[in-house]
Amino acid sequence: MKDTNQGPTPLVTYISGPVVKAKPAHLLSMNEMVEVGEDRLVGEVIGLEGETATIQVYEDTVGIKPGTRVFGQSIPLFAELGPGLIGQIFDGIQRPLDLLKEQWGDFIKRGKTSAALLRDKLWHFEPLVEKGSSVSPGMAIGQVKETEAIIHKILVPPGISGTVKDIAPDGHYTLEDKVAEVEVRPGEAKGLKMFHRWPVRQPRPYKKRFMPSIPLLTGQRVIDTFFPLAKGGTAAIPGGFGTGKTVTQHQLSKWADADIIIYIGCGERGNEMTGVLTDFPKLLDPRTQRPLIERTVLIANTSDMPVAAREASIYTGITMAEYFRDQGYDVALMADSTSRWAEALREISGRLEEMPAEEGFPAYLASRLAAFYERAGQVETLSGDRGSVSLIGAVSPPGGDFSEPVTMHTKRFVQCFWALDKELASARYFPAINYLNSYSAYVEAVSKWWQQTTSPEWRELRDKAVEILQEDAKLQNIVKLLGEEALPDDQRRIIEGAKLIKNDFLQQSAFDPVDTYCPPLKQFYLLKVIMHFIDRLQDVVMARVPLFRAMELPVVEKIHRAKYTIKGEEIEPFLQIMKETDEQIDALIEKNREPYHET
């Protein structure tokens, strides 16, 4: 950043919370980063009108007064992108919280900042291009082994192309060392370091976007089988207080089939972020058996931090996600929660005295949400690789009211909607995803993958199970009025079958070492066992055998326990349960056919 102590500077004329106005505006530009006052509080120009510049400050403005100087930095709000991101925890404007704690203590002091990436750490750089070769934007000129799990590619920044005039040999370098020199035009060369900066509000470029078709496996049965998310897709997890949004996102962070996880705690409670910070370093990555933190970036902007920085945290996180996508990685971004982000927009909008729309939110809420979710996708990068960013945003509607603006607008822009249910959560039923209110537009897209990986009958089996749950929902209205005994056995079969699907398939324990993650093959065969039993109940009903006798068969207990007892992707135990189902139901029907003898 440049130092602008010399020469004229704008002066503060108005302060309202995080919103500051300064004159004259012609010394600043739109979206320019600024530093306010002698404490150098970080801010951003968000409006220019005549000679008045409107600035949102990302720190506490207590003590700022009219006449305070504003120092322009001549660059937009940016993220530093390079080795050192993985395993770190940043705040909403990418200040490294661990480093700030070492320097200033447990609480961030006003105006105290530090470079996002360590400048003095040595990284082992391996060149991937030779002197004289041509390079283009997004091309990897070298690589660094950042962690045991992640090879960090050093990319040519967008906008730079030409001939490699010089390239650093294999060795150890700091981020400030020049590792390459590119001749962009005759007589003009640009030096490249291992990091570069990118404006957070500007999407990073790519060549082509693909339709998502490969599922982002999470190991959570209700998601993977019933409401799947594709790599490069978008999903929302709406739910009231205590329904399990954060725990669900933690589960997805632990088990999602992504190379990089970026977790944004946007306006959430500090104790929830503390749980993330203490749990993640202890968790083992199931793929590498290394700590999960070695492929995770954390952004913490808790509810007690300045509200303007909360608004910026979403953009900081998505910019990092796009950077790793450009390296050919599949990235999963968890935003917890977009409601707190929307509340930050509302507060700043109020300070700006803008005309409010529904429930006080600004009129541009929908367009901001759309622009955020639009940055997801599976793409061909500038270098020809394929990478993806999957966005999973939690929504916290007040009182669990899904008709409020943030939930309704989010619903328009996402393809997966995992609606959490207060009643299910109160009944200790987790994940509390309501199978009637949830949906996924990716079912058709990922069916081919599931059918090739598990069985050609996957789609038929899944649709059949959904149909039973929908029929059960209709029958429950009758049960509430008349009781289950009033139903004929054919309809009671639907209710009993739905109980098996809900309790033995959809319900999943995050704390059970076996059940916490369910591989694709196990998901298919567990559902197949349940659906086979439900189909055989039809034979029991046709043979006029009382349904309760079938539900007392020993095989039912085995079905109940299958998700806890059968590990990995073993198929044989499921086939054995199906065999026992046939034997025991055939025996029950045959016994019912025996002539009645008086004793």
# chains A, B, ... in the order shown; residues from 1 in each chain; ligands from 1
>>> select_by_dssp(residues="region 229-363 of chain A", states="strand (DSSP E)", output="ChimeraX atom specification")
/A:234-238,260-266,296-301,330-336
>>> residues_around(residues="region 188-195 of chain A", least_positions_apart="3", cutoff="6 Å", atoms="only C-alpha atoms", output="list in words")
Leu81, Gly82, Ile154, Leu175, Lys178, Val179, Ala180, Glu181, Val182, Glu183, Val184 and Arg185 of chain A
>>> write_last_selection(atoms="N, CA, C and O atoms", output="compact mmCIF listing (two decimals), in the first residue's frame")
# COMPACT_ATOMS: atom_id res chain seq x y z
N LEU A 81 -3.39 -13.87 -2.18
CA LEU A 81 -3.56 -15.26 -2.60
C LEU A 81 -2.19 -15.87 -2.87
O LEU A 81 -1.46 -15.40 -3.75
N GLY A 82 -1.85 -16.90 -2.12
CA GLY A 82 -0.56 -17.56 -2.28
C GLY A 82 -0.35 -18.59 -1.19
O GLY A 82 -1.25 -18.83 -0.37
N ILE A 154 1.67 -22.08 -8.22
CA ILE A 154 1.92 -20.65 -8.33
C ILE A 154 1.45 -20.22 -9.72
O ILE A 154 2.02 -20.62 -10.74
N LEU A 175 7.83 -15.19 0.23
CA LEU A 175 6.80 -14.66 -0.66
C LEU A 175 7.24 -13.36 -1.33
O LEU A 175 6.72 -12.99 -2.38
N LYS A 178 11.30 -12.59 -5.89
CA LYS A 178 10.81 -12.70 -7.27
C LYS A 178 11.20 -14.07 -7.81
O LYS A 178 12.38 -14.42 -7.83
N VAL A 179 10.20 -14.87 -8.23
CA VAL A 179 10.48 -16.23 -8.70
C VAL A 179 10.44 -16.34 -10.22
O VAL A 179 10.86 -17.34 -10.79
N ALA A 180 9.94 -15.30 -10.89
CA ALA A 180 9.90 -15.32 -12.36
C ALA A 180 9.82 -13.90 -12.88
O ALA A 180 9.39 -12.98 -12.18
N GLU A 181 10.26 -13.75 -14.11
CA GLU A 181 10.15 -12.47 -14.79
C GLU A 181 9.57 -12.74 -16.17
O GLU A 181 10.08 -13.58 -16.92
N VAL A 182 8.48 -12.07 -16.50
CA VAL A 182 7.77 -12.30 -17.76
C VAL A 182 7.85 -11.04 -18.62
O VAL A 182 7.49 -9.94 -18.16
N GLU A 183 8.32 -11.20 -19.85
CA GLU A 183 8.36 -10.08 -20.79
C GLU A 183 6.98 -9.97 -21.43
O GLU A 183 6.59 -10.79 -22.26
N VAL A 184 6.21 -8.95 -21.02
CA VAL A 184 4.83 -8.81 -21.49
C VAL A 184 4.77 -8.13 -22.86
O VAL A 184 3.85 -8.35 -23.63
N ARG A 185 5.77 -7.31 -23.15
CA ARG A 185 5.93 -6.69 -24.47
C ARG A 185 7.40 -6.33 -24.62
O ARG A 185 8.10 -6.24 -23.61
>>> closest_residue(among="A:Ala425, A:Met305, A:Met320, A:Met408", to="Glu80 (chain A)", atoms="only C-alpha atoms")
A:Met320
>>> closest_atom_pairs(of="region 197-297 of chain A", to="region 326-338 of chain A", cutoff="6 Å", atoms="only C-alpha atoms", output="Markdown table")
| residue | atom | partner | partner_atom | distance |
| --- | --- | --- | --- | --- |
| A:Ala258 | CA | A:Asp330 | CA | 5.2 |
| A:Asp259 | CA | A:Asp330 | CA | 5.3 |
| A:Ile260 | CA | A:Val331 | CA | 4.8 |
| A:Ile261 | CA | A:Ala332 | CA | 5.1 |
| A:Ile262 | CA | A:Leu333 | CA | 4.7 |
| A:Tyr263 | CA | A:Met334 | CA | 4.8 |
| A:Ile264 | CA | A:Ala335 | CA | 4.9 |
| A:Gly265 | CA | A:Asp336 | CA | 5.1 |
| A:Cys266 | CA | A:Asp336 | CA | 5.5 |
>>> write_last_selection(atoms="C-alpha atoms", output="mmCIF file, in the first residue's frame")
data_model
loop_
_atom_site.group_PDB
_atom_site.id
_atom_site.type_symbol
_atom_site.label_atom_id
_atom_site.label_comp_id
_atom_site.auth_asym_id
_atom_site.auth_seq_id
_atom_site.Cartn_x
_atom_site.Cartn_y
_atom_site.Cartn_z
ATOM 1 C CA ALA A 258 -13.835 -31.764 -1.741
ATOM 2 C CA ASP A 259 -10.108 -31.024 -1.952
ATOM 3 C CA ILE A 260 -10.333 -27.720 -0.054
ATOM 4 C CA ILE A 261 -12.809 -26.598 2.620
ATOM 5 C CA ILE A 262 -13.385 -22.893 3.294
ATOM 6 C CA TYR A 263 -15.518 -22.233 6.369
ATOM 7 C CA ILE A 264 -16.873 -18.711 6.933
ATOM 8 C CA GLY A 265 -18.293 -17.990 10.374
ATOM 9 C CA CYS A 266 -20.228 -14.865 9.388
#
>>> closest_residue(among="A:Gly244, A:Asp177, A:Gly171, A:Thr407", to="Glu423 (chain A)", atoms="only C-alpha atoms")
A:Gly244
>>> residues_around(residues="Phe372 (chain A)", least_positions_apart="3", cutoff="12 Å", atoms="only C-alpha atoms", output="PyMOL selection string")
chain A and resi 200-203+234+311-319+322+333+335+338+341-342+365-369+375-377+389-393+410+413-414
>>> write_last_selection(atoms="N, CA, C and O atoms", output="CSV table (one decimal), in the first residue's frame")
chain,number,residue,atom,x,y,z
A,200,VAL,N,-11.7,-8.5,-4.0
A,200,VAL,CA,-12.6,-9.5,-3.5
A,200,VAL,C,-14.0,-9.4,-4.1
A,200,VAL,O,-14.7,-10.4,-4.2
A,201,ARG,N,-14.4,-8.3,-4.5
A,201,ARG,CA,-15.8,-8.1,-5.1
A,201,ARG,C,-15.8,-8.4,-6.6
A,201,ARG,O,-16.9,-8.3,-7.2
A,202,GLN,N,-14.7,-8.8,-7.2
A,202,GLN,CA,-14.6,-9.1,-8.6
A,202,GLN,C,-14.4,-10.6,-8.8
A,202,GLN,O,-13.4,-11.1,-8.4
A,203,PRO,N,-15.3,-11.3,-9.5
A,203,PRO,CA,-15.1,-12.7,-9.8
A,203,PRO,C,-13.9,-12.9,-10.6
A,203,PRO,O,-13.6,-12.2,-11.5
A,234,THR,N,-25.0,-25.2,-5.7
A,234,THR,CA,-25.4,-24.3,-4.7
A,234,THR,C,-26.4,-25.0,-3.8
A,234,THR,O,-27.3,-25.6,-4.3
A,311,GLU,N,-19.9,-8.0,6.4
A,311,GLU,CA,-20.4,-7.9,5.0
A,311,GLU,C,-19.2,-8.3,4.1
A,311,GLU,O,-19.5,-9.0,3.0
A,312,ALA,N,-18.0,-8.0,4.4
A,312,ALA,CA,-16.9,-8.3,3.5
A,312,ALA,C,-16.4,-9.7,3.6
A,312,ALA,O,-15.8,-10.2,2.7
A,313,SER,N,-16.7,-10.4,4.7
A,313,SER,CA,-16.1,-11.7,4.9
A,313,SER,C,-16.6,-12.7,3.9
A,313,SER,O,-15.8,-13.6,3.4
A,314,ILE,N,-17.8,-12.6,3.4
A,314,ILE,CA,-18.4,-13.5,2.4
A,314,ILE,C,-17.5,-13.4,1.1
A,314,ILE,O,-17.2,-14.4,0.5
A,315,TYR,N,-17.2,-12.2,0.7
A,315,TYR,CA,-16.4,-11.9,-0.5
A,315,TYR,C,-15.0,-12.4,-0.4
A,315,TYR,O,-14.4,-12.9,-1.3
A,316,THR,N,-14.4,-12.2,0.8
A,316,THR,CA,-13.0,-12.7,1.1
A,316,THR,C,-13.0,-14.2,0.9
A,316,THR,O,-12.1,-14.8,0.2
A,317,GLY,N,-14.0,-14.9,1.5
A,317,GLY,CA,-14.0,-16.4,1.4
A,317,GLY,C,-14.2,-16.9,0.0
A,317,GLY,O,-13.5,-17.8,-0.5
A,318,ILE,N,-15.1,-16.3,-0.8
A,318,ILE,CA,-15.4,-16.8,-2.1
A,318,ILE,C,-14.2,-16.5,-3.1
A,318,ILE,O,-14.0,-17.3,-4.0
A,319,THR,N,-13.5,-15.4,-2.8
A,319,THR,CA,-12.3,-15.1,-3.6
A,319,THR,C,-11.2,-16.2,-3.4
A,319,THR,O,-10.6,-16.6,-4.4
A,322,GLU,N,-12.3,-19.3,-5.3
A,322,GLU,CA,-12.1,-19.2,-6.7
A,322,GLU,C,-10.6,-19.4,-7.0
A,322,GLU,O,-10.2,-20.0,-8.1
A,333,LEU,N,-17.4,-24.4,0.0
A,333,LEU,CA,-17.4,-23.2,0.8
A,333,LEU,C,-18.7,-23.3,1.7
A,333,LEU,O,-19.8,-23.4,1.2
A,335,ALA,N,-20.9,-21.1,4.3
A,335,ALA,CA,-21.2,-19.7,4.8
A,335,ALA,C,-22.2,-19.8,5.9
A,335,ALA,O,-23.3,-20.2,5.6
A,338,THR,N,-25.7,-16.7,6.0
A,338,THR,CA,-26.0,-15.6,5.1
A,338,THR,C,-27.0,-14.6,5.6
A,338,THR,O,-27.1,-13.5,5.2
A,341,TRP,N,-25.1,-12.0,7.4
A,341,TRP,CA,-24.5,-11.1,6.4
A,341,TRP,C,-25.6,-10.2,5.8
A,341,TRP,O,-25.3,-9.0,5.7
A,342,ALA,N,-26.8,-10.7,5.6
A,342,ALA,CA,-27.9,-9.8,5.1
A,342,ALA,C,-28.3,-8.8,6.2
A,342,ALA,O,-28.6,-7.6,5.9
A,365,LEU,N,-30.9,-6.5,-1.9
A,365,LEU,CA,-30.6,-7.7,-1.2
A,365,LEU,C,-30.6,-8.9,-2.2
A,365,LEU,O,-29.7,-9.7,-2.2
A,366,ALA,N,-31.6,-9.0,-3.0
A,366,ALA,CA,-31.7,-10.1,-3.9
A,366,ALA,C,-30.6,-10.1,-4.9
A,366,ALA,O,-30.0,-11.2,-5.2
A,367,SER,N,-30.2,-9.0,-5.5
A,367,SER,CA,-29.1,-9.0,-6.4
A,367,SER,C,-27.8,-9.3,-5.8
A,367,SER,O,-26.9,-10.0,-6.4
A,368,ARG,N,-27.6,-8.9,-4.5
A,368,ARG,CA,-26.3,-9.3,-3.8
A,368,ARG,C,-26.3,-10.8,-3.6
A,368,ARG,O,-25.2,-11.4,-3.7
A,369,LEU,N,-27.4,-11.4,-3.2
A,369,LEU,CA,-27.4,-12.8,-3.0
A,369,LEU,C,-27.2,-13.6,-4.3
A,369,LEU,O,-26.4,-14.5,-4.3
A,375,ARG,N,-21.2,-17.1,-8.2
A,375,ARG,CA,-19.8,-17.4,-8.2
A,375,ARG,C,-19.4,-18.8,-7.9
A,375,ARG,O,-18.3,-19.2,-8.0
A,376,ALA,N,-20.4,-19.6,-7.7
A,376,ALA,CA,-20.2,-21.1,-7.6
A,376,ALA,C,-20.2,-21.6,-9.0
A,376,ALA,O,-20.5,-20.9,-10.0
A,377,GLY,N,-19.8,-22.9,-9.2
A,377,GLY,CA,-19.8,-23.5,-10.5
A,377,GLY,C,-18.6,-24.4,-10.8
A,377,GLY,O,-17.6,-24.3,-10.1
A,389,VAL,N,-16.3,-24.8,-7.4
A,389,VAL,CA,-16.6,-24.2,-6.1
A,389,VAL,C,-18.1,-24.5,-5.8
A,389,VAL,O,-19.0,-24.2,-6.6
A,390,SER,N,-18.3,-25.2,-4.7
A,390,SER,CA,-19.7,-25.6,-4.3
A,390,SER,C,-20.0,-24.7,-3.1
A,390,SER,O,-19.2,-24.6,-2.2
A,391,LEU,N,-21.1,-24.0,-3.2
A,391,LEU,CA,-21.5,-23.1,-2.1
A,391,LEU,C,-22.7,-23.6,-1.3
A,391,LEU,O,-23.7,-24.0,-1.8
A,392,ILE,N,-22.4,-23.7,0.0
A,392,ILE,CA,-23.5,-24.2,1.0
A,392,ILE,C,-23.7,-23.1,2.0
A,392,ILE,O,-22.8,-22.8,2.9
A,393,GLY,N,-24.8,-22.4,1.9
A,393,GLY,CA,-25.1,-21.3,2.8
A,393,GLY,C,-26.2,-21.6,3.8
A,393,GLY,O,-27.2,-22.1,3.5
A,410,THR,N,-33.0,-16.5,-1.3
A,410,THR,CA,-32.0,-17.5,-1.4
A,410,THR,C,-32.6,-18.7,-2.2
A,410,THR,O,-31.9,-19.3,-3.0
A,413,PHE,N,-32.2,-18.7,-5.9
A,413,PHE,CA,-30.9,-18.8,-6.5
A,413,PHE,C,-30.1,-20.1,-6.2
A,413,PHE,O,-29.0,-20.3,-6.8
A,414,VAL,N,-30.6,-20.9,-5.4
A,414,VAL,CA,-30.0,-22.2,-5.1
A,414,VAL,C,-30.7,-23.4,-5.7
A,414,VAL,O,-31.9,-23.3,-6.0
>>> select_by_dssp(residues="region 261-401 of chain A", states="alpha helix (DSSP H)", output="count of residues only")
54
>>> residues_around(residues="region 348-364 of chain A", least_positions_apart="2", cutoff="10 Å", atoms="only C-alpha atoms", output="list in words")
Ile15, Ser16, Gly17, Pro18, Val19, Val20, Lys21, Gly47, Thr54, Ile55, Gln56, Val307, Ala308, Glu311, Ala342, Glu343, Ala344, Leu345, Arg346, Ala366, Ser367, Arg368, Leu369, Ala370, Glu404, Pro405 and Val406 of chain A
>>> closest_residue(among="A:Pro66, A:Tyr442, A:Ser339, A:Gly92", to="Phe227 (chain A)", atoms="only C-alpha atoms")
A:Tyr442
>>> closest_residue(among="A:Phe548, A:Trp418, A:Tyr58, A:Phe505", to="Thr243 (chain A)", atoms="only C-alpha atoms")
A:Trp418
>>> residues_around(residues="Ile64 (chain A)", least_positions_apart="4", cutoff="9 Å", atoms="only C-alpha atoms", output="VMD selection string")
chain A and resid 12 15 36 to 37 68
>>> closest_residue(among="A:Asn503, A:Thr248, A:Asn592, A:Ser455", to="Arg544 (chain A)", atoms="only C-alpha atoms")
A:Asn592
>>> atom_distance(atom1="CA of Gly142 (chain A)", atom2="CA of Gly387 (chain A)")
18.3 Å
>>> closest_residue(among="A:Gly233, A:Pro554, A:Pro199, A:Gly132", to="Ser213 (chain A)", atoms="only C-alpha atoms")
A:Gly233
>>> residues_around(residues="Phe226 (chain A)", least_positions_apart="5", cutoff="10 Å", atoms="only C-alpha atoms", output="ChimeraX atom specification")
/A:220-221,435,438-440,443,459,462-463,465-466,506
>>> residues_around(residues="Trp458 (chain A)", least_positions_apart="3", cutoff="10 Å", atoms="only C-alpha atoms", output="ChimeraX atom specification")
/A:225,447-455,461-464,524-525,527-528
